[in-house]
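Enquirer: Have a look at this one.
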Amino acid sequence: MLEKGEVLEIMKTSFFAAILLALTISELATAQSALTGTVTSTEEGRMEGVLVSAKLESSNKIVTVVSNAEGTYSFPRNRLEAGRYQLSIRAVGYVLPGASKLPMTVTADTTARLDMTLRKSNILELAMQLTDPEWLMSYPLDDKTKFDVFRDCSRCHTLQRPSMSTYSADQLAWVMKRMTYSAGSSPMTFQLPPEQTAKWGRAEWGEPSATQHRQAEAVAGINLSNGTWKYDLKTLPRPKGKETQVVYTTWELPVTMRPHDTRIGLDGSIWFNHFDDNALGRLNPKTGEVKVWRWPNRAKPGSFEPTGARTMMGPDKQGRFYIGNQAQGGVVVFDPSTEKFEFHDPPGGGEMMDVSASGVDGYGWRSGGGAAYQIDLKTWEYKTLKSSKPTPAYDIAADPQNNLFGAGRTSTSVWRVDAKTGEFSYYDIPDKPRGVGGLGGGMRRGITDAKGRLWWGGFDGNFVGMLDPSLPKGKEVKLYPVPSAWFFPYDAHYDEHGYTWTGGIYSDRVARLNLDSGEWMFYLLPFQANIRDINLQPGASGGLSGLWVGHTHEAMITLIEPLAK
């Protein structure tokens with residue numbers, strides 16, 4: 001048996017060994033860093049969860065890391081090449097004093113250091129920093145009014161615009177009437193609805209409706225028409241713990257680009273379609289090079305039909321992409337090997353054309369008019385599969401056997417059609433649970449996994465949905481409410497390793513759910529995001545997955561890479 005003195009000696013030895021190990025790890029981390037430093041403020045001292053971004057001068061690539069619990073940020077050496085950088089931060093409630101960006105030089109063989117001391121934001125700076133969920137948390141309105149009036153505003157712009165407007169309720173009624181732009185609009189490139197173009201702003205345009213007057217009253221209650229806000233501006237917590245263990249890489253695109261869907265091409269490049277232009281783009285993540293191809297406007301001469309494409313499917317086995325041609329109709333097919341477009345007019349409404357499992361039988365899918373359409377991708381001949389019940393489809397998604405799922409934003413069920421028999425099945429979406437702010441249900445965008453389960457974003461219900469047709473009747477659907485108010489998931493993907501990802505147009509965040517533990521992690525993006533479609537980046541050798549997202553209104557594409565399970 002050990003004597004008391006021996007036990008104490010062993011404890012002291014272990015204690016100092018632990019300290020030495022911690023110091024060794026810290027020194028190793030510093031040695032492997034290209035740039036490091038601490039972030040502090042008078043109010044908090046060392047600050048966790050501050051995003052620090054470094055942009056190499058004359059480059060379109062921006063790398064972002066997050067400060068840890070000790071307030072330390074560190075850029076891995078393999079993420080920053082030698083050169084001159086501009087550093088910026090994102091931390092709601094705080095700003096860099098004196099300048100929004102700080103210059104810094106990184107060398108190849110030493111670790112650069114830059115400590116930052118932040119100051120509290122004034123009320124205007126804070127208002128410019130708030131995300132849409134934070135505005136919705138702050139508004140002195142009931143949840144139903146927020147849901148009915150504001151949930152689709154961010155389709156075109158953030159809630160900063162109505163919040164900082166100064167119009168009265170009478171004036172806002174006309175503003176609300178004007179807010180019927182085409183869905184493919186943003187403040188920089190708004191598009192008039194074609195059916196209103198001839199009378200837009202003229203007497204025959206008509207008076208604001210009762211609904212528009214109600215919207216105007218709600219906006220006048222939260223804006224600056226009666227002076228500074230009479231309510232507190234509430235904020236979400238900054239990232240913490242595992243949420244700080246992440247690296248973001250963002251590529252700036254030419255300023256007029258509006259990436260809606262992103263897809264990893266067969267060549268490893270990132271392909272994207274333009275939200276409000278007849279264009280398809282390709283980003284080379286290794287070089288930052290962006291190339292764009294445009295297809296002709298199919299609108300009739302003299303008409304004012306909008307341009308743009310809200311969906312892009314593919315690549316198929318040949319590497320081709322299928323683009324829903326939005327208001328101009330039909331499907332545009334692009335072949336990267338020939339750099340040529342084809343135009344087809346298959347039946348079905350909306351913009352969706354699913355080719356994800358076309359390698360099984362050579363068929364792609366469209367839906368609409370109470371039917372699903374199996375389309376031969378060689379001949380474009382099709383089979384019509386009809387159901388006695390409605391088949392709404394904001395999105396459609398094929399499983400690995402090329403059976404098809406579909407649902408709409410207000411759907412109370414998801415439908416599925418068997419590719420071989422043409423038989424339709426329906427699966428009820430439960431009335432609950434819902435996340436905070438989610439008063440609706442249905443589906444916005446989704447995709448199936450390797451087991452044939454459908455995962456989708458329940459935007460209007462603030463949940464992620466999962467449908468497994470193999471489960472017993474009545475147990476097939478499970479909903480995961482998002483534990484972040486007004487997140488509004490647009491899309492959801494399962495990564496085949498126990499994690500489900502989601503993102504949305506509102507929160508400037510993406511979320512990752514650990515299905516085994518039920519743990520949610522929210523990754524705040526370094527820049528305003530407005531995320532629609534999301535696209536998985538599979539982890540190397542079964543490691544952690546990442547996520548590609550397009551910033552639809554900001555001409556950016558970001559890769560999010562978590563470093564912790």
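FYI, nothing fancy with the structure tokens labels: chains A, B, ... in order, residues from 1 per chain, ligands from 1 as they appear.
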Excluding stretch 149-157 of chain A and residues on its chain fewer than 6 positions from it, collect all residues at most 6 Å away from it, counting only C-alpha atoms, and give them as a PDB file with all heavy atoms, in the first residue's frame.
Expert:
```pdb
ATOM      1  N   SER A 185     -36.837  38.300 -57.141  1.00  0.00           N
ATOM      2  CA  SER A 185     -36.423  39.689 -56.976  1.00  0.00           C
ATOM      3  C   SER A 185     -35.522  39.862 -55.760  1.00  0.00           C
ATOM      4  O   SER A 185     -35.546  39.070 -54.821  1.00  0.00           O
ATOM      5  CB  SER A 185     -37.637  40.609 -56.816  1.00  0.00           C
ATOM      6  OG  SER A 185     -38.373  40.707 -58.016  1.00  0.00           O
ATOM      7  N   SER A 186     -34.740  40.918 -55.789  1.00  0.00           N
ATOM      8  CA  SER A 186     -33.961  41.380 -54.651  1.00  0.00           C
ATOM      9  C   SER A 186     -33.850  42.893 -54.809  1.00  0.00           C
ATOM     10  O   SER A 186     -34.156  43.433 -55.876  1.00  0.00           O
ATOM     11  CB  SER A 186     -32.575  40.728 -54.630  1.00  0.00           C
ATOM     12  OG  SER A 186     -31.814  41.120 -55.760  1.00  0.00           O
ATOM     13  N   GLN A 215     -51.299  44.750 -43.223  1.00  0.00           N
ATOM     14  CA  GLN A 215     -49.841  44.643 -43.220  1.00  0.00           C
ATOM     15  C   GLN A 215     -49.203  45.987 -42.875  1.00  0.00           C
ATOM     16  O   GLN A 215     -48.233  46.055 -42.100  1.00  0.00           O
ATOM     17  CB  GLN A 215     -49.357  44.167 -44.601  1.00  0.00           C
ATOM     18  CG  GLN A 215     -49.751  42.750 -44.948  1.00  0.00           C
ATOM     19  CD  GLN A 215     -49.441  42.401 -46.399  1.00  0.00           C
ATOM     20  OE1 GLN A 215     -49.417  43.281 -47.271  1.00  0.00           O
ATOM     21  NE2 GLN A 215     -49.198  41.130 -46.663  1.00  0.00           N
TER      22      GLN A 215
END
```
Enquirer: When DSSP works through the backbone of this structure, what residues of stretch 76-256 of chain A end up as alpha helix (DSSP H), shown as an NGL selection string?
Expert: :A and (123-129 or 132-138 or 143-150 or 160-163 or 169-178 or 210-220)
Enquirer: Please provide the set of residues having any atom within 9 Å of stretch 436-441 of chain A, restricted to only C-alpha atoms, with same-chain residues fewer than 5 positions apart removed, written as a VMD selection string.
Expert: chain A and resid 136 143 to 144 146 to 147 409 to 412 429 to 431 458 to 463 481 to 488
Enquirer: Any idea what's packed within 10 Å of A:Ile270, counting only C-alpha atoms, ignoring anything in its chain fewer than 6 positions away? Could you give it as number ranges by chain?
Expert: A: 262-264, 281-285, 290, 535, 548, 557
Enquirer: Of the candidates A:Trp229, A:Phe527, A:Trp456, A:Trp251, which one gets nearest to A:Val414 if we count only C-alpha atoms?
Expert: A:Trp456
Enquirer: Pick the closest to A:Phe424 from A:Thr189, A:Gln401, A:Ser388, A:Thr38: which is it, counting only C-alpha atoms?
Expert: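 Looking at the shortest contact to A:Phe424, the residue is A:Ser388.
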Enquirer: Give me the residues within 6 Å of A:Pro239 as a list in words, counting only C-alpha atoms and dropping any in the same chain fewer than 2 places off.
Expert: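 Final neighbour list, sorted by chain and number: Gly49, Glu243 and Thr244 of chain A.
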Enquirer: List the neighbours of A:His274 out to 7 Å using only C-alpha atoms; skip same-chain residues closer than 4 positions along the sequence, and give me the result as an MDAnalysis selection string.
Expert: chainID A and resid 257:260 278:280 308:309
Enquirer: Would you save the residues of that selection, restricted to all heavy atoms, as an mmCIF file, in the first residue's frame?
Expert:
```
data_model
loop_
_atom_site.group_PDB
_atom_site.id
_atom_site.type_symbol
_atom_site.label_atom_id
_atom_site.label_comp_id
_atom_site.auth_asym_id
_atom_site.auth_seq_id
_atom_site.Cartn_x
_atom_site.Cartn_y
_atom_site.Cartn_z
ATOM 1 N N MET A 257 -24.454 38.483 -59.199
ATOM 2 C CA MET A 257 -24.850 37.071 -59.156
ATOM 3 C C MET A 257 -25.695 36.794 -57.918
ATOM 4 O O MET A 257 -25.466 37.356 -56.857
ATOM 5 C CB MET A 257 -23.615 36.167 -59.186
ATOM 6 C CG MET A 257 -22.849 36.238 -60.482
ATOM 7 S SD MET A 257 -21.528 35.013 -60.553
ATOM 8 C CE MET A 257 -20.873 35.362 -62.194
ATOM 9 N N ARG A 258 -26.674 35.895 -58.074
ATOM 10 C CA ARG A 258 -27.571 35.548 -56.986
ATOM 11 C C ARG A 258 -27.683 34.019 -56.895
ATOM 12 O O ARG A 258 -28.627 33.423 -57.414
ATOM 13 C CB ARG A 258 -28.959 36.174 -57.228
ATOM 14 C CG ARG A 258 -28.965 37.691 -57.178
ATOM 15 C CD ARG A 258 -28.721 38.174 -55.744
ATOM 16 N NE ARG A 258 -28.621 39.617 -55.646
ATOM 17 C CZ ARG A 258 -27.483 40.284 -55.659
ATOM 18 N NH1 ARG A 258 -26.341 39.634 -55.793
ATOM 19 N NH2 ARG A 258 -27.476 41.594 -55.535
ATOM 20 N N PRO A 259 -26.718 33.350 -56.239
ATOM 21 C CA PRO A 259 -26.717 31.873 -56.217
ATOM 22 C C PRO A 259 -27.871 31.312 -55.392
ATOM 23 O O PRO A 259 -28.008 31.611 -54.211
ATOM 24 C CB PRO A 259 -25.369 31.539 -55.574
ATOM 25 C CG PRO A 259 -25.039 32.738 -54.734
ATOM 26 C CD PRO A 259 -25.600 33.917 -55.469
ATOM 27 N N HIS A 260 -28.726 30.524 -56.016
ATOM 28 C CA HIS A 260 -29.886 29.939 -55.332
ATOM 29 C C HIS A 260 -29.596 28.507 -54.920
ATOM 30 O O HIS A 260 -29.506 28.195 -53.742
ATOM 31 C CB HIS A 260 -31.110 30.003 -56.248
ATOM 32 C CG HIS A 260 -32.402 29.719 -55.562
ATOM 33 N ND1 HIS A 260 -32.819 28.446 -55.266
ATOM 34 C CD2 HIS A 260 -33.391 30.540 -55.110
ATOM 35 C CE1 HIS A 260 -34.003 28.495 -54.652
ATOM 36 N NE2 HIS A 260 -34.371 29.760 -54.554
ATOM 37 N N ASN A 278 -31.037 34.541 -66.314
ATOM 38 C CA ASN A 278 -30.965 33.287 -67.058
ATOM 39 C C ASN A 278 -29.510 32.857 -67.163
ATOM 40 O O ASN A 278 -28.876 32.954 -68.211
ATOM 41 C CB ASN A 278 -31.556 33.463 -68.462
ATOM 42 C CG ASN A 278 -33.054 33.626 -68.444
ATOM 43 O OD1 ASN A 278 -33.680 33.491 -67.407
ATOM 44 N ND2 ASN A 278 -33.635 33.921 -69.589
ATOM 45 N N ALA A 279 -28.964 32.377 -66.057
ATOM 46 C CA ALA A 279 -27.537 32.103 -66.023
ATOM 47 C C ALA A 279 -27.209 30.951 -65.088
ATOM 48 O O ALA A 279 -27.870 30.716 -64.083
ATOM 49 C CB ALA A 279 -26.765 33.351 -65.598
ATOM 50 N N LEU A 280 -26.139 30.249 -65.438
ATOM 51 C CA LEU A 280 -25.578 29.149 -64.670
ATOM 52 C C LEU A 280 -24.108 29.467 -64.439
ATOM 53 O O LEU A 280 -23.415 29.914 -65.362
ATOM 54 C CB LEU A 280 -25.730 27.837 -65.452
ATOM 55 C CG LEU A 280 -25.083 26.575 -64.871
ATOM 56 C CD1 LEU A 280 -25.881 26.092 -63.674
ATOM 57 C CD2 LEU A 280 -25.044 25.481 -65.942
ATOM 58 N N GLY A 308 -34.582 34.286 -64.661
ATOM 59 C CA GLY A 308 -34.016 33.634 -63.494
ATOM 60 C C GLY A 308 -34.523 32.225 -63.309
ATOM 61 O O GLY A 308 -35.469 31.776 -63.965
ATOM 62 N N ALA A 309 -33.874 31.508 -62.395
ATOM 63 C CA ALA A 309 -34.195 30.112 -62.147
ATOM 64 C C ALA A 309 -34.053 29.821 -60.665
ATOM 65 O O ALA A 309 -32.990 30.035 -60.091
ATOM 66 C CB ALA A 309 -33.262 29.208 -62.953
#
```
